[in-house]
Structures are given as structure tokens and as C-alpha cells.
$ cat protein_4.tsv   # TSV, C-alpha atoms and all ligand atoms
chain	number	residue	atom	x	y	z
Z	136	MET	CA	-28.59	15.05	91.31
Z	137	SER	CA	-27.15	18.45	90.43
Z	138	LYS	CA	-27.28	21.48	92.68
Z	139	LYS	CA	-30.39	23.60	92.34
Z	140	LYS	CA	-30.88	27.30	92.43
Z	141	ARG	CA	-34.14	28.91	93.34
Z	142	PHE	CA	-35.29	32.17	91.76
Z	143	GLY	CA	-38.47	33.99	90.96
Z	144	ILE	CA	-39.58	34.63	87.42
Z	145	SER	CA	-42.55	36.52	86.05
Z	146	VAL	CA	-44.68	34.97	83.35
Z	147	PRO	CA	-48.04	35.99	81.88
Z	148	VAL	CA	-50.99	34.70	83.93
Z	149	GLU	CA	-52.30	32.55	81.05
Z	150	LEU	CA	-48.92	30.88	80.69
Z	151	ALA	CA	-48.76	30.19	84.43
Z	152	GLU	CA	-52.24	28.63	84.30
Z	153	GLU	CA	-51.22	26.60	81.29
Z	154	LEU	CA	-48.20	25.40	83.26
Z	155	ASP	CA	-50.37	24.43	86.24
Z	156	ARG	CA	-52.71	22.45	84.00
Z	157	LEU	CA	-49.81	20.72	82.30
Z	158	SER	CA	-48.23	19.98	85.65
Z	159	LYS	CA	-51.42	18.26	86.86
Z	160	CYS	CA	-51.95	16.45	83.61
Z	161	LEU	CA	-48.40	15.11	83.44
Z	162	ASN	CA	-48.25	14.61	87.18
Z	163	CYS	CA	-44.92	16.37	87.10
Z	164	ASP	CA	-43.84	19.37	89.18
Z	165	ARG	CA	-43.55	22.76	87.53
Z	166	SER	CA	-39.81	23.08	88.04
Z	167	LYS	CA	-39.24	19.83	86.18
Z	168	ILE	CA	-41.40	21.01	83.29
Z	169	ILE	CA	-39.58	24.32	83.08
Z	170	VAL	CA	-36.17	22.62	83.19
Z	171	SER	CA	-37.10	20.22	80.42
Z	172	ALA	CA	-38.54	23.05	78.31
Z	173	LEU	CA	-35.55	25.30	78.92
Z	174	LYS	CA	-32.80	22.81	78.15
Z	175	PRO	CA	-33.56	22.32	74.45
Z	176	TYR	CA	-34.29	26.04	74.10
Z	177	ILE	CA	-30.89	26.98	75.45
Z	178	HIS	CA	-29.27	24.24	73.43
Z	179	ALA	CA	-31.02	25.35	70.23
Z	180	HIS	CA	-29.88	28.92	70.76
Z	181	SER	CA	-26.36	28.29	71.97
Z	182	HIS	CA	-25.54	25.26	69.94
Z	183	TYR	CA	-24.30	27.24	66.94
Z	184	MET	CA	-21.91	29.22	69.16
Z	185	LYS	CA	-19.49	26.51	70.10
Z	186	PRO	CA	-18.63	23.60	67.80
Z	187	HIS	CA	-19.78	20.20	69.00
Z	188	ILE	CA	-21.22	16.94	67.74
Z	189	CYS	CA	-24.96	17.36	67.70
Z	190	LYS	CA	-27.89	15.15	66.90
Z	191	GLY	CA	-31.39	16.20	66.13
Z	192	VAL	CA	-34.16	16.59	63.65
Z	193	LEU	CA	-34.19	19.30	61.02
Z	194	ILE	CA	-37.51	20.08	59.42
Z	195	ALA	CA	-37.87	22.11	56.23
Z	196	PHE	CA	-41.22	23.37	54.99
Z	197	SER	CA	-42.07	25.04	51.75
Z	198	THR	CA	-45.08	25.76	49.62
Z	199	GLY	CA	-44.94	23.85	46.40
Z	200	GLU	CA	-41.80	22.23	45.12
Z	201	LYS	CA	-39.34	25.11	45.22
Z	202	SER	CA	-36.23	23.28	44.27
Z	203	ARG	CA	-34.52	19.98	43.91
Z	204	ILE	CA	-32.24	19.44	46.84
Z	205	ASN	CA	-30.89	16.03	45.90
Z	206	ASN	CA	-27.37	17.33	45.48
Z	207	LEU	CA	-27.65	19.00	48.87
Z	208	ILE	CA	-28.53	15.67	50.44
Z	209	ASP	CA	-25.60	14.16	48.64
Z	210	ARG	CA	-23.19	16.80	49.86
Z	211	TYR	CA	-24.34	16.44	53.44
Z	212	ARG	CA	-24.57	12.65	53.43
Z	213	ASP	CA	-22.04	12.53	56.29
Z	214	ILE	CA	-24.44	14.17	58.71
Z	215	ILE	CA	-27.81	13.09	57.28
Z	216	GLN	CA	-28.71	9.76	58.86
Z	217	GLY	CA	-32.22	9.66	57.53
Z	218	TYR	CA	-34.49	11.62	55.22
Z	219	ILE	CA	-38.25	11.76	54.81
Z	220	HIS	CA	-39.93	13.77	52.08
Z	221	SER	CA	-43.68	14.13	52.10
Z	222	HIS	CA	-46.50	16.36	50.90
Z	223	ILE	CA	-49.67	17.61	52.50
Z	224	ASP	CA	-51.88	19.64	50.17
Z	225	ASN	CA	-49.51	22.12	48.59
Z	226	ASN	CA	-46.88	21.89	51.33
Z	227	CYS	CA	-43.59	20.15	50.94
Z	228	ILE	CA	-42.24	18.73	54.19
Z	229	GLU	CA	-38.76	17.36	54.53
Z	230	VAL	CA	-37.39	15.79	57.68
Z	231	PHE	CA	-33.69	15.23	58.14
Z	232	ILE	CA	-32.39	13.00	60.89
Z	233	ILE	CA	-29.03	14.53	61.71
Z	234	LYS	CA	-25.89	13.68	63.55
Z	235	GLY	CA	-22.72	15.61	63.00
Z	236	LEU	CA	-20.65	18.68	63.64
Z	237	SER	CA	-22.78	21.69	64.54
Z	238	GLU	CA	-20.99	23.83	61.95
Z	239	GLU	CA	-22.11	21.44	59.19
Z	240	ILE	CA	-25.68	21.49	60.50
Z	241	LYS	CA	-25.58	25.27	60.43
Z	242	LYS	CA	-24.40	25.22	56.80
Z	243	LEU	CA	-27.17	22.82	55.78
Z	244	ASP	CA	-29.68	24.97	57.65
Z	245	SER	CA	-28.67	28.14	55.81
Z	246	GLU	CA	-28.55	26.42	52.41
Z	247	LEU	CA	-32.11	25.19	52.90
Z	248	ARG	CA	-33.18	28.71	53.87
Z	249	LYS	CA	-31.57	30.02	50.69
Z	250	GLU	CA	-33.87	27.65	48.79
Z	251	GLY	CA	-36.78	29.54	50.31
Z	252	LYS	CA	-37.63	26.91	52.89
Z	253	GLU	CA	-38.69	27.53	56.44
Z	254	VAL	CA	-36.28	25.60	58.62
Z	255	ARG	CA	-36.55	24.39	62.18
Z	256	TYR	CA	-33.89	22.45	64.01
Z	257	ILE	CA	-34.71	20.42	67.08
Z	258	PRO	CA	-31.66	19.10	68.90
Z	259	ILE	CA	-32.07	15.85	70.77
Z	260	MET	CA	-30.67	15.98	74.25
Z	261	ASP	CA	-29.09	13.05	76.01
Z	262	LYS	CA	-30.52	12.51	79.44
Z	263	THR	CA	-28.17	13.79	82.09
Z	301	ZN	ZN	-26.22	21.05	69.33
Z	302	ZN	ZN	-41.50	18.06	48.08
$ encode --input "protein_4.tsv" --output "C-alpha cells" --more "lines below"
Ligand SMILES: [Zn+2]
Ligand SMILES: [Zn+2]
Amino acid sequence: MSKKKRFGISVPVELAEELDRLSKCLNCDRSKIIVSALKPYIHAHSHYMKPHICKGVLIAFSTGEKSRINNLIDRYRDIIQGYIHSHIDNNCIEVFIIKGLSEEIKKLDSELRKEGKEVRYIPIMDKT
């Protein structure tokens, strides 16, 4: 087990209550919940800063069919391990299962944004 550091943080009351409820419901202490919430957050925000092999799920939403991205999928075939394309009402939802160099993921991310899609990347963390 790694060394721990204790410090006080201030959060809105509602969020603290939410955390208490979640803690009871999951039967998991609050520190553990905060650590597991924080890790992917820090990863998601720092992972474009230093190059590394990353795996995760990239989700792209758009309204209507804005563009054909088949050639994009082709160009990024090295990092796209799986692809799901589905529609709900007028929304186009694409899910990319990704493993590859973070710089490539960043490029794919920005190309999808250029197509007018809303993009979210969720890195998958290995248990440590
Ligand atoms: Zn990463
Ligand atoms: Zn579509």
C-alpha cells in the first residue's frame, strides 16, 4: 500500500452529503471514493501533457449525421480497437475503443471536434 497524506478540503455541503450517501451505499470509505474519482480526472487532464501509451473509450456525439468519418477510422486504425456507431432520436453516437500513443488520441480527438462533434475521452486506468 502506498504512503498516504492527510489534508483538509472544502466542498459544497450538497456534494459532501452526496459523498456520504454514496459512501454508505457502496459501503466504501470516503477517501477511497475520492481517490478513485480523482485518479481518472488527473489522468484525463494530464494525459495529453506527456506522451504515453493510453487505453480508453472515446465518445463522440452529434446532432444528425454531420459527416462521414470512415476515412478517419481508416487513418486511425492503429489505435482504434473497436467502433460502435448508433443513433438515438436525432443524435449520432460513436464509441471508439482506443489503445495507442496519447498524441495520436489527441489528434483523433481534435479531428472529431473539427467535424462538429462533442468529444469525451475516458481513459481506463490499470489497477495499481
Ligand atoms: Zn492517458
Ligand atoms: Zn451516425
$ closest_atom_pairs --input "protein_4.tsv" --of "chain Z" --to "ligand ZN 302 (chain Z)" --cutoff "7 Å" --atoms "only C-alpha atoms and all ligand atoms" --output "JSON lines"
{"residue": "Z:Gly199", "atom": "CA", "partner": "Z:ZN302", "partner_atom": "ZN", "distance": 6.9}
{"residue": "Z:Glu200", "atom": "CA", "partner": "Z:ZN302", "partner_atom": "ZN", "distance": 5.1}
{"residue": "Z:His220", "atom": "CA", "partner": "Z:ZN302", "partner_atom": "ZN", "distance": 6.1}
{"residue": "Z:Ser221", "atom": "CA", "partner": "Z:ZN302", "partner_atom": "ZN", "distance": 6.0}
{"residue": "Z:His222", "atom": "CA", "partner": "Z:ZN302", "partner_atom": "ZN", "distance": 6.0}
{"residue": "Z:Cys227", "atom": "CA", "partner": "Z:ZN302", "partner_atom": "ZN", "distance": 4.1}
{"residue": "Z:Ile228", "atom": "CA", "partner": "Z:ZN302", "partner_atom": "ZN", "distance": 6.2}
$ residues_around --input "protein_4.tsv" --residues "region 246-253 of chain Z" --least-positions-apart "6" --cutoff "6 Å" --atoms "all atoms listed in the file" --output "list of chain:residue names"
Z:Ala195, Z:Phe196, Z:Ser197
$ residues_near_ligand --input "protein_4.tsv" --ligand "ligand ZN 301 (chain Z)" --cutoff "10 Å" --atoms "only C-alpha atoms and all ligand atoms" --output "PyMOL selection string"
chain Z and resi 175+177-191+234-238+240-241+256-260
$ closest_residue --input "protein_4.tsv" --among "Z:Val254, Z:Ala172, Z:Ile223, Z:Ile215" --to "Glu239 (chain Z)" --atoms "all atoms listed in the file"
Z:Ile215
$ atom_distance --input "protein_4.tsv" --atom1 "CA of Ala151 (chain Z)" --atom2 "CA of Arg165 (chain Z)"
9.6 Å
$ residues_around --input "protein_4.tsv" --residues "Lys140 (chain Z)" --least-positions-apart "3" --cutoff "12 Å" --atoms "all atoms listed in the file" --output "list in words"
Ser137, Gly143, Ser166 and Val170 of chain Z
$ write_last_selection --input "protein_4.tsv" --atoms "C-alpha atoms" --output "short mmCIF file (atom, residue, chain, number, x, y, z; two decimals), in the coordinates of the input"
data_model
loop_
_atom_site.label_atom_id
_atom_site.label_comp_id
_atom_site.auth_asym_id
_atom_site.auth_seq_id
_atom_site.Cartn_x
_atom_site.Cartn_y
_atom_site.Cartn_z
CA SER Z 137 -27.15 18.45 90.43
CA GLY Z 143 -38.47 33.99 90.96
CA SER Z 166 -39.81 23.08 88.04
CA VAL Z 170 -36.17 22.62 83.19
#
$ closest_residue --input "protein_4.tsv" --among "Z:Ile168, Z:Cys163, Z:Val192, Z:Leu243" --to "Tyr218 (chain Z)" --atoms "all atoms listed in the file"
Z:Val192
$ closest_residue --input "protein_4.tsv" --among "Z:Ile233, Z:Ile144, Z:Cys160, Z:Leu150" --to "Arg212 (chain Z)" --atoms "all atoms listed in the file"
Z:Ile233
$ closest_residue --input "protein_4.tsv" --among "Z:Lys242, Z:Lys139, Z:Lys167, Z:Lys159" --to "Tyr211 (chain Z)" --atoms "only C-alpha atoms"
Z:Lys242
$ closest_residue --input "protein_4.tsv" --among "Z:Asp261, Z:Ile169, Z:Leu161, Z:Asp213" --to "Val146 (chain Z)" --atoms "all atoms listed in the file"
Z:Ile169
$ closest_residue --input "protein_4.tsv" --among "Z:Ile219, Z:Leu193, Z:Ile214, Z:Ile232" --to "Ser245 (chain Z)" --atoms "only C-alpha atoms"
Z:Leu193
$ atom_distance --input "protein_4.tsv" --atom1 "CA of Phe231 (chain Z)" --atom2 "CA of Gln216 (chain Z)"
7.4 Å
$ atom_distance --input "protein_4.tsv" --atom1 "CA of Arg210 (chain Z)" --atom2 "CA of Asn226 (chain Z)"
24.3 Å
$ decode --input "protein_4.tsv" --residues "region 144-191 of chain Z" --atoms "N, CA and C atoms" --output "PDB file, in the first residue's frame"
ATOM      1  N   ILE Z 144     -10.017  19.469   2.762  1.00  0.00           N
ATOM      2  CA  ILE Z 144     -10.501  20.164   1.566  1.00  0.00           C
ATOM      3  C   ILE Z 144     -11.899  20.686   1.862  1.00  0.00           C
ATOM      4  N   SER Z 145     -12.274  21.736   1.148  1.00  0.00           N
ATOM      5  CA  SER Z 145     -13.621  22.274   1.315  1.00  0.00           C
ATOM      6  C   SER Z 145     -14.449  21.950   0.081  1.00  0.00           C
ATOM      7  N   VAL Z 146     -15.603  21.390   0.306  1.00  0.00           N
ATOM      8  CA  VAL Z 146     -16.515  21.109  -0.809  1.00  0.00           C
ATOM      9  C   VAL Z 146     -17.899  21.625  -0.431  1.00  0.00           C
ATOM     10  N   PRO Z 147     -18.721  21.941  -1.424  1.00  0.00           N
ATOM     11  CA  PRO Z 147     -20.084  22.379  -1.137  1.00  0.00           C
ATOM     12  C   PRO Z 147     -20.817  21.331  -0.291  1.00  0.00           C
ATOM     13  N   VAL Z 148     -21.676  21.798   0.587  1.00  0.00           N
ATOM     14  CA  VAL Z 148     -22.408  20.923   1.517  1.00  0.00           C
ATOM     15  C   VAL Z 148     -23.140  19.802   0.770  1.00  0.00           C
ATOM     16  N   GLU Z 149     -23.819  20.172  -0.331  1.00  0.00           N
ATOM     17  CA  GLU Z 149     -24.600  19.164  -1.071  1.00  0.00           C
ATOM     18  C   GLU Z 149     -23.685  18.046  -1.584  1.00  0.00           C
ATOM     19  N   LEU Z 150     -22.502  18.453  -2.027  1.00  0.00           N
ATOM     20  CA  LEU Z 150     -21.561  17.469  -2.567  1.00  0.00           C
ATOM     21  C   LEU Z 150     -21.073  16.540  -1.452  1.00  0.00           C
ATOM     22  N   ALA Z 151     -20.828  17.126  -0.273  1.00  0.00           N
ATOM     23  CA  ALA Z 151     -20.391  16.336   0.877  1.00  0.00           C
ATOM     24  C   ALA Z 151     -21.469  15.336   1.282  1.00  0.00           C
ATOM     25  N   GLU Z 152     -22.734  15.786   1.235  1.00  0.00           N
ATOM     26  CA  GLU Z 152     -23.845  14.888   1.580  1.00  0.00           C
ATOM     27  C   GLU Z 152     -23.983  13.764   0.554  1.00  0.00           C
ATOM     28  N   GLU Z 153     -23.811  14.148  -0.682  1.00  0.00           N
ATOM     29  CA  GLU Z 153     -23.833  13.203  -1.795  1.00  0.00           C
ATOM     30  C   GLU Z 153     -22.748  12.129  -1.574  1.00  0.00           C
ATOM     31  N   LEU Z 154     -21.588  12.600  -1.169  1.00  0.00           N
ATOM     32  CA  LEU Z 154     -20.454  11.703  -0.917  1.00  0.00           C
ATOM     33  C   LEU Z 154     -20.762  10.750   0.236  1.00  0.00           C
ATOM     34  N   ASP Z 155     -21.360  11.279   1.299  1.00  0.00           N
ATOM     35  CA  ASP Z 155     -21.744  10.441   2.440  1.00  0.00           C
ATOM     36  C   ASP Z 155     -22.735   9.360   2.021  1.00  0.00           C
ATOM     37  N   ARG Z 156     -23.725   9.765   1.222  1.00  0.00           N
ATOM     38  CA  ARG Z 156     -24.734   8.803   0.761  1.00  0.00           C
ATOM     39  C   ARG Z 156     -24.082   7.708  -0.083  1.00  0.00           C
ATOM     40  N   LEU Z 157     -23.216   8.151  -0.981  1.00  0.00           N
ATOM     41  CA  LEU Z 157     -22.539   7.211  -1.877  1.00  0.00           C
ATOM     42  C   LEU Z 157     -21.670   6.255  -1.070  1.00  0.00           C
ATOM     43  N   SER Z 158     -20.996   6.823  -0.074  1.00  0.00           N
ATOM     44  CA  SER Z 158     -20.116   6.046   0.780  1.00  0.00           C
ATOM     45  C   SER Z 158     -20.898   4.931   1.477  1.00  0.00           C
ATOM     46  N   LYS Z 159     -22.080   5.268   1.996  1.00  0.00           N
ATOM     47  CA  LYS Z 159     -22.929   4.272   2.662  1.00  0.00           C
ATOM     48  C   LYS Z 159     -23.413   3.228   1.672  1.00  0.00           C
ATOM     49  N   CYS Z 160     -23.870   3.729   0.552  1.00  0.00           N
ATOM     50  CA  CYS Z 160     -24.457   2.874  -0.474  1.00  0.00           C
ATOM     51  C   CYS Z 160     -23.432   1.880  -1.028  1.00  0.00           C
ATOM     52  N   LEU Z 161     -22.221   2.356  -1.245  1.00  0.00           N
ATOM     53  CA  LEU Z 161     -21.185   1.480  -1.801  1.00  0.00           C
ATOM     54  C   LEU Z 161     -20.426   0.740  -0.709  1.00  0.00           C
ATOM     55  N   ASN Z 162     -20.716   1.106   0.538  1.00  0.00           N
ATOM     56  CA  ASN Z 162     -20.012   0.531   1.666  1.00  0.00           C
ATOM     57  C   ASN Z 162     -18.498   0.691   1.492  1.00  0.00           C
ATOM     58  N   CYS Z 163     -18.123   1.903   1.194  1.00  0.00           N
ATOM     59  CA  CYS Z 163     -16.744   2.203   0.823  1.00  0.00           C
ATOM     60  C   CYS Z 163     -16.398   3.532   1.491  1.00  0.00           C
ATOM     61  N   ASP Z 164     -15.212   3.656   2.111  1.00  0.00           N
ATOM     62  CA  ASP Z 164     -14.957   4.914   2.817  1.00  0.00           C
ATOM     63  C   ASP Z 164     -14.738   6.078   1.856  1.00  0.00           C
ATOM     64  N   ARG Z 165     -14.951   7.279   2.384  1.00  0.00           N
ATOM     65  CA  ARG Z 165     -14.949   8.467   1.528  1.00  0.00           C
ATOM     66  C   ARG Z 165     -13.607   8.707   0.854  1.00  0.00           C
ATOM     67  N   SER Z 166     -12.522   8.432   1.575  1.00  0.00           N
ATOM     68  CA  SER Z 166     -11.199   8.632   0.975  1.00  0.00           C
ATOM     69  C   SER Z 166     -11.037   7.776  -0.274  1.00  0.00           C
ATOM     70  N   LYS Z 167     -11.497   6.535  -0.169  1.00  0.00           N
ATOM     71  CA  LYS Z 167     -11.372   5.620  -1.310  1.00  0.00           C
ATOM     72  C   LYS Z 167     -12.162   6.144  -2.498  1.00  0.00           C
ATOM     73  N   ILE Z 168     -13.353   6.663  -2.238  1.00  0.00           N
ATOM     74  CA  ILE Z 168     -14.185   7.186  -3.318  1.00  0.00           C
ATOM     75  C   ILE Z 168     -13.506   8.386  -3.978  1.00  0.00           C
ATOM     76  N   ILE Z 169     -12.964   9.264  -3.137  1.00  0.00           N
ATOM     77  CA  ILE Z 169     -12.311  10.448  -3.681  1.00  0.00           C
ATOM     78  C   ILE Z 169     -11.071  10.076  -4.485  1.00  0.00           C
ATOM     79  N   VAL Z 170     -10.298   9.121  -3.989  1.00  0.00           N
ATOM     80  CA  VAL Z 170      -9.115   8.672  -4.736  1.00  0.00           C
ATOM     81  C   VAL Z 170      -9.519   8.092  -6.084  1.00  0.00           C
ATOM     82  N   SER Z 171     -10.561   7.260  -6.093  1.00  0.00           N
ATOM     83  CA  SER Z 171     -10.924   6.641  -7.369  1.00  0.00           C
ATOM     84  C   SER Z 171     -11.575   7.638  -8.325  1.00  0.00           C
ATOM     85  N   ALA Z 172     -12.170   8.703  -7.779  1.00  0.00           N
ATOM     86  CA  ALA Z 172     -12.730   9.734  -8.654  1.00  0.00           C
ATOM     87  C   ALA Z 172     -11.630  10.650  -9.194  1.00  0.00           C
ATOM     88  N   LEU Z 173     -10.633  10.870  -8.363  1.00  0.00           N
ATOM     89  CA  LEU Z 173      -9.577  11.820  -8.692  1.00  0.00           C
ATOM     90  C   LEU Z 173      -8.585  11.272  -9.727  1.00  0.00           C
ATOM     91  N   LYS Z 174      -8.292   9.988  -9.594  1.00  0.00           N
ATOM     92  CA  LYS Z 174      -7.293   9.382 -10.485  1.00  0.00           C
ATOM     93  C   LYS Z 174      -7.617   9.571 -11.965  1.00  0.00           C
ATOM     94  N   PRO Z 175      -8.809   9.141 -12.417  1.00  0.00           N
ATOM     95  CA  PRO Z 175      -9.097   9.348 -13.838  1.00  0.00           C
ATOM     96  C   PRO Z 175      -9.189  10.822 -14.218  1.00  0.00           C
ATOM     97  N   TYR Z 176      -9.614  11.662 -13.273  1.00  0.00           N
ATOM     98  CA  TYR Z 176      -9.684  13.107 -13.561  1.00  0.00           C
ATOM     99  C   TYR Z 176      -8.286  13.649 -13.843  1.00  0.00           C
ATOM    100  N   ILE Z 177      -7.363  13.323 -12.962  1.00  0.00           N
ATOM    101  CA  ILE Z 177      -5.990  13.794 -13.148  1.00  0.00           C
ATOM    102  C   ILE Z 177      -5.387  13.192 -14.412  1.00  0.00           C
ATOM    103  N   HIS Z 178      -5.672  11.916 -14.624  1.00  0.00           N
ATOM    104  CA  HIS Z 178      -5.172  11.282 -15.834  1.00  0.00           C
ATOM    105  C   HIS Z 178      -5.733  11.972 -17.080  1.00  0.00           C
ATOM    106  N   ALA Z 179      -7.040  12.196 -17.089  1.00  0.00           N
ATOM    107  CA  ALA Z 179      -7.680  12.806 -18.260  1.00  0.00           C
ATOM    108  C   ALA Z 179      -7.107  14.194 -18.544  1.00  0.00           C
ATOM    109  N   HIS Z 180      -6.722  14.908 -17.488  1.00  0.00           N
ATOM    110  CA  HIS Z 180      -6.232  16.258 -17.694  1.00  0.00           C
ATOM    111  C   HIS Z 180      -4.732  16.349 -17.875  1.00  0.00           C
ATOM    112  N   SER Z 181      -4.015  15.325 -17.464  1.00  0.00           N
ATOM    113  CA  SER Z 181      -2.564  15.404 -17.615  1.00  0.00           C
ATOM    114  C   SER Z 181      -2.096  14.495 -18.741  1.00  0.00           C
ATOM    115  N   HIS Z 182      -3.016  13.672 -19.245  1.00  0.00           N
ATOM    116  CA  HIS Z 182      -2.525  12.613 -20.113  1.00  0.00           C
ATOM    117  C   HIS Z 182      -2.111  13.126 -21.487  1.00  0.00           C
ATOM    118  N   TYR Z 183      -2.546  14.341 -21.855  1.00  0.00           N
ATOM    119  CA  TYR Z 183      -2.070  14.910 -23.113  1.00  0.00           C
ATOM    120  C   TYR Z 183      -0.754  15.663 -22.943  1.00  0.00           C
ATOM    121  N   MET Z 184      -0.271  15.784 -21.701  1.00  0.00           N
ATOM    122  CA  MET Z 184       0.960  16.551 -21.472  1.00  0.00           C
ATOM    123  C   MET Z 184       2.221  15.731 -21.692  1.00  0.00           C
ATOM    124  N   LYS Z 185       2.207  14.502 -21.260  1.00  0.00           N
ATOM    125  CA  LYS Z 185       3.389  13.690 -21.558  1.00  0.00           C
ATOM    126  C   LYS Z 185       2.994  12.437 -22.350  1.00  0.00           C
ATOM    127  N   PRO Z 186       3.740  12.176 -23.426  1.00  0.00           N
ATOM    128  CA  PRO Z 186       3.397  11.061 -24.312  1.00  0.00           C
ATOM    129  C   PRO Z 186       3.449   9.717 -23.586  1.00  0.00           C
ATOM    130  N   HIS Z 187       2.463   8.896 -23.808  1.00  0.00           N
ATOM    131  CA  HIS Z 187       2.442   7.565 -23.210  1.00  0.00           C
ATOM    132  C   HIS Z 187       1.439   6.705 -23.982  1.00  0.00           C
ATOM    133  N   ILE Z 188       1.520   5.414 -23.773  1.00  0.00           N
ATOM    134  CA  ILE Z 188       0.518   4.522 -24.344  1.00  0.00           C
ATOM    135  C   ILE Z 188      -0.707   4.567 -23.444  1.00  0.00           C
ATOM    136  N   CYS Z 189      -1.842   4.858 -24.040  1.00  0.00           N
ATOM    137  CA  CYS Z 189      -3.050   5.030 -23.264  1.00  0.00           C
ATOM    138  C   CYS Z 189      -4.146   4.128 -23.817  1.00  0.00           C
ATOM    139  N   LYS Z 190      -5.030   3.707 -22.938  1.00  0.00           N
ATOM    140  CA  LYS Z 190      -6.211   3.000 -23.420  1.00  0.00           C
ATOM    141  C   LYS Z 190      -7.444   3.616 -22.790  1.00  0.00           C
ATOM    142  N   GLY Z 191      -8.502   3.602 -23.557  1.00  0.00           N
ATOM    143  CA  GLY Z 191      -9.712   4.220 -23.040  1.00  0.00           C
ATOM    144  C   GLY Z 191     -10.837   4.168 -24.043  1.00  0.00           C
TER     145      GLY Z 191
END
